[in-house]
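K.L.:
File name upload-v8.cif; file contents mmCIF, C-alpha atoms; full text below.
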```cif
data_run
#
loop_
_atom_site.label_atom_id
_atom_site.label_comp_id
_atom_site.auth_asym_id
_atom_site.auth_seq_id
_atom_site.Cartn_x
_atom_site.Cartn_y
_atom_site.Cartn_z
CA MET A 12 11.99 -7.48 26.38
CA THR A 13 8.37 -6.50 25.85
CA VAL A 14 8.87 -3.39 27.97
CA ALA A 15 12.00 -2.45 26.01
CA GLY A 16 10.17 -2.91 22.70
CA VAL A 17 7.27 -0.77 23.88
CA PHE A 18 9.73 1.91 25.00
CA VAL A 19 11.34 1.93 21.54
CA LEU A 20 7.90 2.25 19.93
CA LEU A 21 6.95 5.16 22.16
CA VAL A 22 10.17 7.09 21.59
CA ASN A 23 10.39 6.37 17.86
CA ASP A 24 6.73 6.95 16.90
CA HIS A 25 6.05 9.92 19.17
CA LEU A 26 9.42 11.71 18.91
CA LEU A 27 11.86 10.45 16.28
CA LYS A 28 9.32 10.12 13.45
CA GLN A 29 8.33 13.75 13.85
CA ALA A 30 11.92 14.98 14.12
CA LEU A 31 13.55 12.68 11.55
CA PRO A 32 10.90 11.24 9.20
CA GLY A 33 12.28 8.75 6.72
CA PHE A 34 13.32 5.17 6.00
CA VAL A 35 15.18 4.48 9.26
CA THR A 36 12.49 5.62 11.70
CA GLY A 37 9.80 3.97 9.59
CA LYS A 38 11.50 0.58 9.60
CA LEU A 39 12.44 0.92 13.28
CA SER A 40 8.73 0.99 14.10
CA ASP A 41 8.24 -2.27 12.21
CA VAL A 42 11.17 -3.95 13.97
CA ALA A 43 10.05 -2.85 17.44
CA GLY A 44 6.47 -3.81 16.67
CA LEU A 45 7.49 -7.33 15.60
CA VAL A 46 9.47 -7.73 18.82
CA VAL A 47 6.47 -6.69 20.95
CA ALA A 48 3.62 -8.30 18.97
CA PRO A 49 4.34 -12.04 19.59
CA ALA A 50 4.16 -11.56 23.36
CA LEU A 51 0.79 -9.85 22.98
CA VAL A 52 -0.51 -12.44 20.51
CA ALA A 53 0.54 -15.21 22.95
CA LEU A 54 -2.08 -13.89 25.36
CA LEU A 55 -4.72 -15.28 23.00
CA PHE A 56 -3.61 -18.82 23.85
CA TRP A 57 -4.62 -20.58 27.04
CA ARG A 58 -1.13 -21.98 27.47
CA ARG A 59 2.09 -20.31 26.56
CA ALA A 60 2.70 -20.86 22.86
CA ASP A 61 5.61 -18.65 21.83
CA LEU A 62 6.39 -20.35 18.53
CA ALA A 63 2.75 -20.37 17.41
CA ALA A 64 2.35 -16.71 18.37
CA THR A 65 5.54 -15.78 16.52
CA VAL A 66 4.51 -17.63 13.35
CA LEU A 67 1.01 -16.14 13.49
CA THR A 68 2.49 -12.66 13.89
CA GLY A 69 4.74 -13.20 10.87
CA VAL A 70 1.89 -14.48 8.68
CA LEU A 71 -0.42 -11.60 9.60
CA PHE A 72 2.34 -9.01 9.15
CA THR A 73 3.14 -10.42 5.69
CA LEU A 74 -0.49 -10.35 4.60
CA VAL A 75 -0.93 -6.77 5.82
CA LYS A 76 2.25 -5.42 4.28
CA ALA A 77 2.24 -7.42 1.02
CA THR A 78 -1.42 -7.09 0.01
CA GLU A 79 -3.83 -4.18 -0.29
CA THR A 80 -6.64 -6.39 1.00
CA GLY A 81 -4.71 -7.25 4.15
CA ALA A 82 -3.88 -3.59 4.73
CA GLU A 83 -7.53 -2.62 4.36
CA LEU A 84 -8.62 -5.30 6.82
CA ALA A 85 -5.99 -4.13 9.30
CA SER A 86 -7.20 -0.55 8.89
CA GLN A 87 -10.76 -1.56 9.65
CA ALA A 88 -9.74 -3.69 12.62
CA TRP A 89 -7.55 -1.00 14.14
CA THR A 90 -10.27 1.60 13.64
CA LEU A 91 -12.57 -0.55 15.79
CA VAL A 92 -10.14 -0.72 18.72
CA ALA A 93 -8.52 2.71 18.46
CA ASP A 94 -8.82 5.94 16.51
CA PRO A 95 -9.74 6.00 12.79
CA SER A 96 -6.59 4.75 11.10
CA ARG A 97 -5.24 3.64 7.76
CA VAL A 98 -2.61 0.92 7.51
CA LEU A 99 -0.61 1.07 4.31
CA ALA A 100 0.69 -1.90 2.34
CA ASP A 101 4.43 -1.66 1.77
CA PRO A 102 6.36 -4.81 0.71
CA THR A 103 9.65 -3.19 1.77
CA ASP A 104 8.48 -3.47 5.40
CA LEU A 105 8.97 -7.23 5.11
CA LEU A 106 12.67 -6.51 5.64
CA ALA A 107 11.82 -6.30 9.36
CA LEU A 108 10.65 -9.95 9.57
CA PRO A 109 14.00 -11.23 11.00
CA ALA A 110 13.08 -9.34 14.19
CA LEU A 111 10.67 -12.21 14.92
CA ALA A 112 13.65 -14.50 15.48
CA LEU A 113 14.88 -12.18 18.23
CA ALA A 114 11.40 -12.04 19.80
CA TRP A 115 11.08 -15.83 19.84
CA TRP A 116 14.60 -16.36 21.22
CA VAL A 117 14.10 -13.89 24.06
CA ARG A 118 10.72 -15.35 24.96
CA ARG A 119 12.12 -18.88 25.03
CA ARG A 120 14.83 -17.81 27.46
CA SER A 121 12.40 -16.11 29.83
CA LEU A 122 11.06 -17.99 32.84
CA GLU A 123 7.82 -19.89 32.29
CA SER A 124 5.97 -18.30 35.15
CA SER A 125 2.83 -16.31 35.69
CA SER A 126 4.90 -13.20 36.35
CA THR A 127 5.96 -13.16 32.71
CA ARG A 128 2.34 -13.22 31.60
CA TRP A 129 1.40 -10.48 34.03
CA ARG A 130 4.26 -8.28 32.81
CA VAL A 131 2.87 -8.57 29.29
CA ILE A 132 -0.64 -7.73 30.48
CA VAL A 133 0.58 -4.69 32.40
CA THR A 134 2.52 -3.37 29.42
CA MET A 135 -0.38 -3.86 26.97
CA PRO A 136 -1.86 -0.35 27.54
CA LEU A 137 1.56 1.14 26.77
CA ALA A 138 1.80 -0.99 23.63
CA VAL A 139 -1.59 0.24 22.47
CA LEU A 140 -0.52 3.82 23.10
CA ALA A 141 2.71 3.28 21.19
CA VAL A 142 1.12 1.62 18.17
CA THR A 143 -1.59 4.28 18.03
CA ALA A 144 1.05 6.68 16.77
CA THR A 145 1.22 4.69 13.53
CA GLY A 146 -2.44 5.43 12.78
CA ALA A 147 -2.97 7.79 9.92
CA ALA A 148 -4.08 11.34 10.58
CA PRO A 149 -7.05 12.81 8.70
CA THR A 150 -6.20 13.61 5.09
CA PRO A 151 -5.67 17.36 4.64
CA THR A 152 -7.41 19.28 1.87
CA ALA A 153 -6.10 22.50 0.31
CA ARG A 154 -9.30 24.53 0.24
CA SER A 155 -8.65 28.24 -0.42
CA VAL A 156 -5.89 30.73 -1.28
CA GLU A 157 -5.30 34.23 0.06
CA VAL A 158 -2.81 36.83 -1.23
CA ASP A 159 -1.66 39.67 1.02
CA GLY A 160 1.20 41.62 -0.54
CA ASP A 161 4.13 39.23 -0.95
CA ARG A 162 2.50 36.65 1.30
CA ILE A 163 0.51 33.75 -0.16
CA THR A 164 -1.49 31.61 2.24
CA VAL A 165 -3.09 28.32 1.28
CA HIS A 166 -5.68 27.40 3.90
CA VAL A 167 -5.91 23.69 4.64
CA ARG A 168 -8.75 21.70 6.12
CA ASP A 169 -7.50 19.22 8.74
CA GLY A 170 -4.06 20.79 8.66
CA LEU A 171 -1.98 23.91 9.12
CA PRO A 172 -1.95 26.63 6.43
CA ARG A 173 0.95 26.66 3.96
CA ILE A 174 2.64 30.05 3.52
CA SER A 175 4.98 31.33 0.83
CA GLU A 176 6.63 34.74 0.55
CA ASP A 177 8.67 34.11 -2.61
CA GLY A 178 5.99 33.48 -5.21
CA GLY A 179 5.40 29.82 -4.39
CA LEU A 180 9.02 28.68 -4.63
CA THR A 181 9.25 27.63 -0.97
CA TRP A 182 6.59 26.96 1.62
CA SER A 183 6.28 26.78 5.39
CA GLN A 184 3.57 25.73 7.84
CA ASP A 185 2.26 28.37 10.18
CA GLY A 186 -0.85 29.97 11.59
CA ALA A 187 -4.15 28.54 12.76
CA PRO A 188 -6.53 26.25 10.84
CA GLN A 189 -8.88 27.99 8.42
CA ASP A 190 -12.40 29.08 9.20
CA GLU A 191 -14.65 26.72 7.20
CA SER A 192 -17.01 29.59 6.38
CA ARG A 193 -14.35 31.39 4.31
CA PRO A 194 -15.68 31.87 0.74
CA LEU A 195 -13.81 30.12 -2.05
CA GLN A 196 -12.35 32.25 -4.85
CA SER A 197 -12.85 30.24 -8.00
CA ALA A 198 -11.52 32.88 -10.46
CA ALA A 199 -9.05 35.77 -10.45
CA CYS A 200 -7.38 38.12 -12.92
CA VAL A 201 -3.79 39.33 -13.05
CA PRO A 202 -3.36 42.63 -11.17
CA MET A 203 -2.96 45.54 -13.60
CA GLN A 204 -3.69 43.16 -16.49
CA ALA A 205 -7.41 42.50 -16.40
CA THR A 206 -7.49 40.69 -19.73
CA ARG A 207 -5.59 37.65 -18.38
CA CYS A 208 -7.74 35.66 -15.96
CA TYR A 209 -7.75 32.16 -14.49
CA ARG A 210 -10.48 29.96 -13.02
CA VAL A 211 -10.81 26.47 -11.60
CA VAL A 212 -13.02 24.08 -13.54
CA PRO A 213 -16.00 22.93 -11.45
CA ASN A 214 -15.74 19.32 -10.25
CA ARG A 215 -12.50 18.75 -12.13
CA MET A 216 -8.81 18.80 -11.35
CA ALA A 217 -8.17 21.50 -13.96
CA VAL A 218 -7.60 25.23 -14.51
CA GLU A 219 -8.69 27.38 -17.44
CA GLN A 220 -7.42 30.77 -18.59
CA SER A 221 -8.85 33.66 -20.52
CA ASP A 222 -7.04 36.34 -22.52
CA ASP A 223 -10.07 38.52 -23.15
CA GLY A 224 -11.20 39.36 -19.64
CA GLY A 225 -13.29 36.24 -19.14
CA LYS A 226 -15.36 36.28 -22.33
CA THR A 227 -13.87 33.01 -23.58
CA TRP A 228 -11.93 30.34 -21.74
CA GLY A 229 -9.42 27.69 -22.77
CA PRO A 230 -7.48 24.96 -20.96
CA SER A 231 -4.39 26.02 -19.03
CA TRP A 232 -3.65 22.96 -16.87
CA ALA A 233 -5.32 19.63 -16.23
CA LEU A 234 -4.51 16.38 -14.51
CA THR A 235 -4.33 13.91 -17.38
CA GLY A 236 -3.12 10.46 -18.34
CA ASP A 237 -1.36 8.33 -15.74
CA ASP A 238 -1.34 11.17 -13.21
CA ARG A 239 -5.13 11.27 -13.31
CA GLU A 240 -5.34 7.49 -12.92
CA ARG A 241 -2.99 7.55 -9.94
CA PHE A 242 -4.96 10.37 -8.32
CA ALA A 243 -8.29 8.59 -8.86
CA ARG A 244 -6.93 5.45 -7.23
CA ARG A 245 -5.41 7.40 -4.36
CA TYR A 246 -8.65 9.23 -3.55
CA PRO A 247 -11.58 7.25 -4.98
CA TYR A 248 -14.22 9.25 -3.11
CA GLY A 249 -14.80 12.28 -0.90
CA GLU A 250 -14.71 16.04 -1.22
CA GLY A 251 -11.48 17.55 -2.46
CA ARG A 252 -10.97 15.49 -5.61
CA TYR A 253 -11.00 18.67 -7.69
CA SER A 254 -9.36 22.09 -7.83
CA MET A 255 -11.15 24.24 -5.24
CA ALA A 256 -9.83 27.82 -5.38
CA LEU A 257 -7.02 29.99 -6.73
CA ALA A 258 -5.33 33.37 -6.45
CA VAL A 259 -3.04 35.40 -8.70
CA GLN A 260 -0.04 37.41 -7.52
CA ALA A 261 2.01 39.88 -9.57
CA ARG A 262 5.73 39.12 -9.48
CA PRO A 263 8.80 40.67 -11.11
CA GLY A 264 8.83 39.41 -14.69
CA GLY A 265 5.21 38.30 -14.74
CA HIS A 266 2.74 36.69 -12.37
CA VAL A 267 2.17 33.46 -10.47
CA VAL A 268 -1.02 31.50 -9.97
CA VAL A 269 -1.49 29.42 -6.81
CA VAL A 270 -4.27 26.84 -6.77
CA ALA A 271 -5.73 25.11 -3.73
CA ASN A 272 -5.84 21.73 -5.43
CA GLY A 273 -7.93 19.87 -2.89
CA LEU A 274 -6.52 16.54 -1.79
CA ASP A 275 -3.59 16.96 -4.19
CA GLY A 276 -2.27 19.92 -2.21
CA ILE A 277 -0.85 23.00 -3.93
CA LEU A 278 -0.51 23.76 -7.64
CA VAL A 279 1.68 26.67 -8.83
CA ARG A 280 2.13 28.41 -12.17
CA ASP A 281 5.44 30.29 -12.10
CA VAL A 282 6.34 33.49 -13.95
CA SER A 283 7.60 31.51 -16.94
CA GLY A 284 4.17 29.93 -17.42
CA THR A 285 5.14 26.45 -16.19
CA TRP A 286 2.67 24.60 -14.00
CA ARG A 287 4.11 22.60 -11.09
CA ARG A 288 2.33 20.26 -8.67
CA VAL A 289 3.87 21.19 -5.32
CA GLY A 290 1.70 18.82 -3.34
CA TRP A 291 2.26 19.06 0.42
CA PRO A 292 5.60 20.80 1.08
CA GLY A 293 7.16 19.99 4.42
CA SER A 294 5.01 16.92 4.90
CA PRO A 295 5.10 13.33 3.62
CA GLY A 296 2.77 12.33 0.83
CA TYR A 297 -0.79 11.59 1.81
CA GLY A 298 -2.77 8.66 0.54
CA GLU A 299 -1.64 5.58 -1.31
CA VAL A 300 -2.58 4.48 -4.80
CA ASP A 301 -5.05 1.60 -4.62
CA LEU A 302 -3.34 -1.35 -6.28
CA SER A 303 -5.90 -3.95 -5.20
CA PRO A 304 -6.56 -5.24 -8.77
CA GLU A 305 -2.85 -5.69 -9.47
CA SER A 306 -2.26 -7.24 -6.06
CA ASN A 307 -5.11 -9.70 -6.60
CA VAL A 308 -3.66 -10.75 -9.95
CA ALA A 309 -0.22 -11.13 -8.36
CA ILE A 310 -1.63 -13.38 -5.61
CA PHE A 311 -3.56 -15.44 -8.19
CA LEU A 312 -0.46 -16.00 -10.32
CA ALA A 313 1.60 -16.83 -7.24
CA ALA A 314 -1.03 -19.42 -6.26
CA CYS A 315 -0.89 -20.88 -9.77
CA MET A 316 2.88 -21.18 -9.48
CA LEU A 317 2.57 -22.85 -6.09
CA PHE A 318 -0.02 -25.38 -7.27
CA GLY A 319 1.80 -25.91 -10.56
CA GLY A 320 5.12 -26.70 -8.92
CA ALA A 321 3.68 -29.38 -6.66
CA GLY A 322 1.53 -30.80 -9.45
CA ALA A 323 4.47 -31.09 -11.84
CA GLY A 324 6.10 -33.68 -9.57
CA LEU A 325 3.05 -35.90 -9.04
CA ARG A 326 3.37 -39.59 -9.85
CA ARG A 327 -0.40 -40.21 -9.65
CA TYR A 328 -3.74 -38.37 -9.57
CA ASN A 329 -2.57 -35.75 -12.07
CA ARG A 330 -5.98 -35.00 -13.58
CA ALA A 331 -7.75 -34.74 -10.23
CA TYR A 332 -5.00 -32.51 -8.91
CA LEU A 333 -5.22 -30.25 -11.97
CA GLY A 334 -8.97 -29.80 -11.52
CA PHE A 335 -8.79 -28.96 -7.82
CA ALA A 336 -5.78 -26.68 -8.36
CA ALA A 337 -7.71 -24.72 -10.98
CA ALA A 338 -10.73 -24.52 -8.66
CA GLY A 339 -8.56 -23.37 -5.76
CA SER A 340 -6.76 -20.70 -7.78
CA LEU A 341 -9.92 -19.33 -9.38
CA GLY A 342 -11.74 -19.44 -6.04
CA LEU A 343 -8.94 -17.46 -4.41
CA PHE A 344 -9.06 -14.84 -7.15
CA THR A 345 -12.85 -14.61 -6.88
CA ALA A 346 -12.68 -14.20 -3.11
CA LEU A 347 -10.01 -11.49 -3.32
CA THR A 348 -11.84 -9.60 -6.05
CA GLY A 349 -15.14 -9.89 -4.22
CA TRP A 350 -13.63 -8.66 -0.97
CA THR A 351 -12.12 -5.66 -2.73
CA GLU A 352 -15.43 -4.84 -4.37
CA LEU A 353 -17.31 -5.17 -1.10
CA TRP A 354 -15.03 -2.68 0.66
CA ALA A 355 -15.41 -0.30 -2.28
CA GLY A 356 -19.21 -0.60 -2.22
CA GLY A 357 -19.34 -2.61 -5.44
CA ASP A 358 -22.11 -4.88 -6.70
CA LEU A 359 -20.35 -8.21 -6.18
CA THR A 360 -22.42 -10.10 -3.63
CA PRO A 361 -21.04 -11.47 -0.34
CA VAL A 362 -22.37 -14.90 -1.40
CA LEU A 363 -20.02 -15.01 -4.39
CA THR A 364 -17.12 -13.92 -2.21
CA PHE A 365 -17.95 -16.64 0.31
CA ILE A 366 -18.21 -19.29 -2.43
CA GLY A 367 -14.81 -18.23 -3.77
CA ALA A 368 -13.24 -18.49 -0.31
CA ILE A 369 -14.71 -21.98 0.21
CA ALA A 370 -13.49 -23.10 -3.23
CA ALA A 371 -10.00 -21.77 -2.49
CA LEU A 372 -9.82 -23.49 0.87
CA ALA A 373 -11.23 -26.78 -0.43
CA GLY A 374 -8.92 -26.73 -3.46
CA ALA A 375 -5.86 -26.12 -1.29
CA VAL A 376 -6.74 -28.90 1.16
CA VAL A 377 -7.55 -31.48 -1.53
CA CYS A 378 -4.41 -30.58 -3.51
CA LEU A 379 -2.31 -31.07 -0.37
CA VAL A 380 -3.86 -34.49 0.19
CA LEU A 381 -3.35 -35.47 -3.45
CA ALA A 382 0.25 -34.25 -3.38
CA VAL A 383 0.97 -36.51 -0.41
CA ALA A 384 -1.00 -39.46 -1.78
CA GLY A 385 0.45 -39.00 -5.25
CA ARG A 386 4.01 -38.98 -3.87
CA ALA A 387 4.96 -35.64 -5.39
CA ARG A 388 8.68 -35.25 -5.92
CA PRO A 389 10.22 -32.75 -3.47
CA THR A 390 12.18 -30.68 -5.98
CA PRO A 391 9.20 -29.44 -8.09
CA ALA A 392 7.25 -28.76 -4.90
CA ALA A 393 10.17 -26.75 -3.52
CA VAL A 394 10.40 -24.84 -6.80
CA GLY A 395 6.72 -23.96 -6.52
CA VAL A 396 7.04 -22.83 -2.89
CA LEU A 397 10.10 -20.68 -3.57
CA ALA A 398 8.93 -19.29 -6.92
CA ALA A 399 5.44 -18.30 -5.73
CA PRO A 400 6.58 -15.27 -3.66
CA LEU A 401 8.97 -14.31 -6.46
CA VAL A 402 6.07 -14.30 -8.90
CA TYR A 403 4.10 -12.06 -6.56
CA VAL A 404 7.01 -9.63 -6.22
CA CYS A 405 7.66 -9.60 -9.99
CA VAL A 406 4.02 -8.83 -10.76
CA TYR A 407 3.37 -6.33 -7.99
CA THR A 408 6.65 -4.38 -7.86
CA PRO A 409 6.39 -2.65 -11.29
CA PHE A 410 2.90 -1.40 -10.42
CA HIS A 411 4.06 -0.26 -7.00
CA GLY A 412 6.77 1.70 -8.81
CA TRP A 413 4.16 3.12 -11.19
CA SER A 414 2.13 4.31 -8.22
CA GLN A 415 5.19 6.32 -7.14
CA GLY A 416 5.81 7.66 -10.65
CA THR A 417 8.59 5.28 -11.77
CA PRO A 418 7.85 4.12 -14.39
CA ASN A 419 5.46 6.90 -15.30
CA SER A 420 3.56 4.82 -17.86
CA TYR A 421 1.17 2.07 -16.80
CA GLY A 422 1.91 0.25 -20.07
CA VAL A 423 5.61 0.09 -19.20
CA ALA A 424 4.70 -1.35 -15.78
CA VAL A 425 2.64 -4.05 -17.49
CA CYS A 426 5.53 -4.95 -19.79
CA LEU A 427 7.97 -5.12 -16.88
CA ALA A 428 5.60 -7.31 -14.88
CA VAL A 429 5.14 -9.70 -17.81
CA LEU A 430 8.88 -9.85 -18.50
CA LEU A 431 9.95 -10.44 -14.89
CA THR A 432 7.22 -12.98 -14.25
CA GLY A 433 8.07 -14.80 -17.47
CA LEU A 434 11.70 -15.10 -16.37
CA VAL A 435 10.70 -16.60 -13.03
CA VAL A 436 8.29 -19.06 -14.65
CA LEU A 437 10.89 -20.01 -17.26
CA GLY A 438 13.52 -20.59 -14.59
CA GLY A 439 11.11 -22.72 -12.58
CA ALA A 440 10.16 -24.74 -15.66
CA ILE A 441 13.81 -25.43 -16.45
CA LEU A 442 14.45 -26.69 -12.92
CA ILE A 443 11.32 -28.87 -12.94
CA ARG A 444 12.20 -30.30 -16.36
CA TYR A 445 15.73 -31.07 -15.20
CA ASP A 446 14.38 -32.85 -12.12
CA ALA A 447 11.90 -34.84 -14.22
CA ARG A 448 14.65 -35.92 -16.60
CA ARG A 449 16.87 -36.99 -13.73
CA ALA A 450 14.00 -38.91 -12.10
CA TYR A 451 13.32 -40.69 -15.39
CA LEU A 452 16.96 -41.65 -15.82
CA ASP A 453 17.16 -42.88 -12.23
CA GLY A 454 14.03 -44.94 -12.74
CA SER A 455 15.38 -46.39 -16.00
CA SER A 456 18.70 -47.34 -14.43
CA THR A 457 17.06 -49.15 -11.51
CA SER A 458 14.82 -51.10 -13.88
CA ARG A 459 17.64 -52.51 -15.97
CA PRO A 460 18.50 -56.13 -15.34
CA THR A 461 21.64 -56.85 -13.30
#
```
Now that the file is in, can you turn its structure into structure tokens?
P.N.:
Amino acid sequence: MTVAGVFVLLVNDHLLKQALPGFVTGKLSDVAGLVVAPALVALLFWRRADLAATVLTGVLFTLVKATETGAELASQAWTLVADPSRVLADPTDLLALPALALAWWVRRRSLESSSTRWRVIVTMPLAVLAVTATGAAPTPTARSVEVDGDRITVHVRDGLPRISEDGGLTWSQDGAPQDESRPLQSAACVPMQATRCYRVVPNRMAVEQSDDGGKTWGPSWALTGDDRERFARRYPYGEGRYSMALAVQARPGGHVVVVANGLDGILVRDVSGTWRRVGWPGSPGYGEVDLSPESNVAIFLAACMLFGGAGAGLRRYNRAYLGFAAAGSLGLFTALTGWTELWAGGDLTPVLTFIGAIAALAGAVVCLVLAVAGRARPTPAAVGVLAAPLVYVCVYTPFHGWSQGTPNSYGVAVCLAVLLTGLVVLGGAILIRYDARRAYLDGSSTSRPT
């Protein structure tokens, strides 16, 4: 089964993804990877431990795909053992988790012999080769533009040039990578109309225009509002976070302006005067919006829901439980925030991050002990366990949609997150209140004299 899974990974990631990029081939990689991974993880145990390896694989996969912090850690870990890579958080990939059941079932049916272990060891190099295909390629940067008659060429660093022969309406990839020594054209005027000129704004994602031959300049296009916030989160550092070069081409009915927009790809002004962010035609989008702050808040609220559900059914030790639950939740949030800041080069010290992690772990352990000792009712605890992931999804999903442009407004995403989370919390509160009322009535009925 391991060999078959590795074969699927090789064919899908090295052939099908390039020929048919999309949802199916993307999720097929996750399914095949989850079938292969438990057998490889089992090698970490001295004795065969299929169930433990399967559960560990599922937990790690969930953390990587559901949280930005987990994805960043996976990126760093994979970079150490293979090529520089970036693993992207995508909660929709959790749809592949049922594949773990197939992996565990097949492994349980296999013979418990050394030959099984050796087959896994032999196939490990192939598995590494297969998974390497999921590593991210270097991020391309649109660096300069060249006009030759009807042909417009946008030269790309770490990628193939983009070529258009219809005024920027359609684009293709062709030619050889650009010579890095090519000079950048930061300004250009309309052919046969020297009074209209355009220029990129230094160190900004913006273009200015002049109607008097360059004597005075005014804004023509700029990345503003939520688009600017999304771009800043997608590319927080590095060269290419600004418009780099442009060229102007005369066309029937007017002229077009093509801008090498750095990491954002290609920007086009058509003959009607409308600016359009083309991005990277013929290729998937590059970079993901950093939603670490929103993800950290979502995890914190999910932890609060989890602790709150179990605490609502306690018969004893309520005050002690409340204190340790608050310490655990706040410690978890501090640890997540500190870890995010550390990866981003922030000022939050590793000591504070460590203290937060210890507080989170201690709070969780003590709350578990108190829940058992305090004879917590099962229904509120079950509500907390089931509602916690729903809270995370309700908080995180609107912001994930905002990162993709739907909704376009960050304020709308906040309102949606608050509304959806409120509904989950309200539903959980109703169930817990109903269970408490029933427990009270049952206790009253048993205490009545017979």
K.L.:
Any idea what's packed within 12 Å of Ala371 in chain A, counting only C-alpha atoms, ignoring anything in its chain fewer than 5 positions away? Could you give it as a PyMOL selection string?
P.N.:
chain A and resi 311+314-315+318+335-347+364-366+376-378
K.L.:
Export C-alpha atoms of the chosen residues as a PDB file, keeping the file's coordinate frame?
P.N.:
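again13.pdb was written with the following content:
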```pdb
ATOM      1  CA  PHE A 311      -3.560 -15.440  -8.190  1.00  0.00           C
ATOM      2  CA  ALA A 314      -1.030 -19.420  -6.260  1.00  0.00           C
ATOM      3  CA  CYS A 315      -0.890 -20.880  -9.770  1.00  0.00           C
ATOM      4  CA  PHE A 318      -0.020 -25.380  -7.270  1.00  0.00           C
ATOM      5  CA  PHE A 335      -8.790 -28.960  -7.820  1.00  0.00           C
ATOM      6  CA  ALA A 336      -5.780 -26.680  -8.360  1.00  0.00           C
ATOM      7  CA  ALA A 337      -7.710 -24.720 -10.980  1.00  0.00           C
ATOM      8  CA  ALA A 338     -10.730 -24.520  -8.660  1.00  0.00           C
ATOM      9  CA  GLY A 339      -8.560 -23.370  -5.760  1.00  0.00           C
ATOM     10  CA  SER A 340      -6.760 -20.700  -7.780  1.00  0.00           C
ATOM     11  CA  LEU A 341      -9.920 -19.330  -9.380  1.00  0.00           C
ATOM     12  CA  GLY A 342     -11.740 -19.440  -6.040  1.00  0.00           C
ATOM     13  CA  LEU A 343      -8.940 -17.460  -4.410  1.00  0.00           C
ATOM     14  CA  PHE A 344      -9.060 -14.840  -7.150  1.00  0.00           C
ATOM     15  CA  THR A 345     -12.850 -14.610  -6.880  1.00  0.00           C
ATOM     16  CA  ALA A 346     -12.680 -14.200  -3.110  1.00  0.00           C
ATOM     17  CA  LEU A 347     -10.010 -11.490  -3.320  1.00  0.00           C
ATOM     18  CA  THR A 364     -17.120 -13.920  -2.210  1.00  0.00           C
ATOM     19  CA  PHE A 365     -17.950 -16.640   0.310  1.00  0.00           C
ATOM     20  CA  ILE A 366     -18.210 -19.290  -2.430  1.00  0.00           C
ATOM     21  CA  VAL A 376      -6.740 -28.900   1.160  1.00  0.00           C
ATOM     22  CA  VAL A 377      -7.550 -31.480  -1.530  1.00  0.00           C
ATOM     23  CA  CYS A 378      -4.410 -30.580  -3.510  1.00  0.00           C
TER      24      CYS A 378
END
```
K.L.:
Between A:Thr206, A:Thr417, A:Asn214, A:Ser231, which is the closest to Trp286 in chain A once you count only C-alpha atoms?
P.N.:
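When distances to Trp286 in chain A are compared using only C-alpha atoms, the smallest one comes from A:Ser231.
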K.L.:
Please write the residues picked by the PyMOL selection byres ((chain A and resi 197) around 12) on this file as number ranges by chain.
P.N.:
A: 154-157, 194-196, 198-200, 208-214, 217-220, 253-259, 269-272
K.L.:
Do you have the CA of Val289 in chain A-CA of Thr78 in chain A distance handy?
P.N.:
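Interatomic distance here is 29.3 Å.
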K.L.:
From the options A:Gly320, A:Pro172, A:Gly225, A:Gly412, which residue's atoms come nearest to Gly276 in chain A, counting all atoms listed in the file?
P.N.:
A:Pro172
K.L.:
Given only C-alpha atoms as the basis, pick out the residue of A:Leu381, A:Met216, A:Ala243, A:Leu71 nearest to Tyr332 in chain A.
P.N.:
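Of A:Leu381, A:Met216, A:Ala243, A:Leu71, the one nearest Tyr332 in chain A is A:Leu381, counting only C-alpha atoms.
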K.L.:
Closest to Arg280 in chain A among A:Pro151, A:Gly179, A:Gly367, A:Gly322, using all atoms listed in the file?
P.N.:
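The shortest atom-to-atom distance to Arg280 in chain A comes from A:Gly179.
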K.L.:
Show which residues sit within 8 Å of Leu108 in chain A, as number ranges by chain. Count only C-alpha atoms, and ignore same-chain residues fewer than 5 positions away.
P.N.:
A: 42, 45, 69
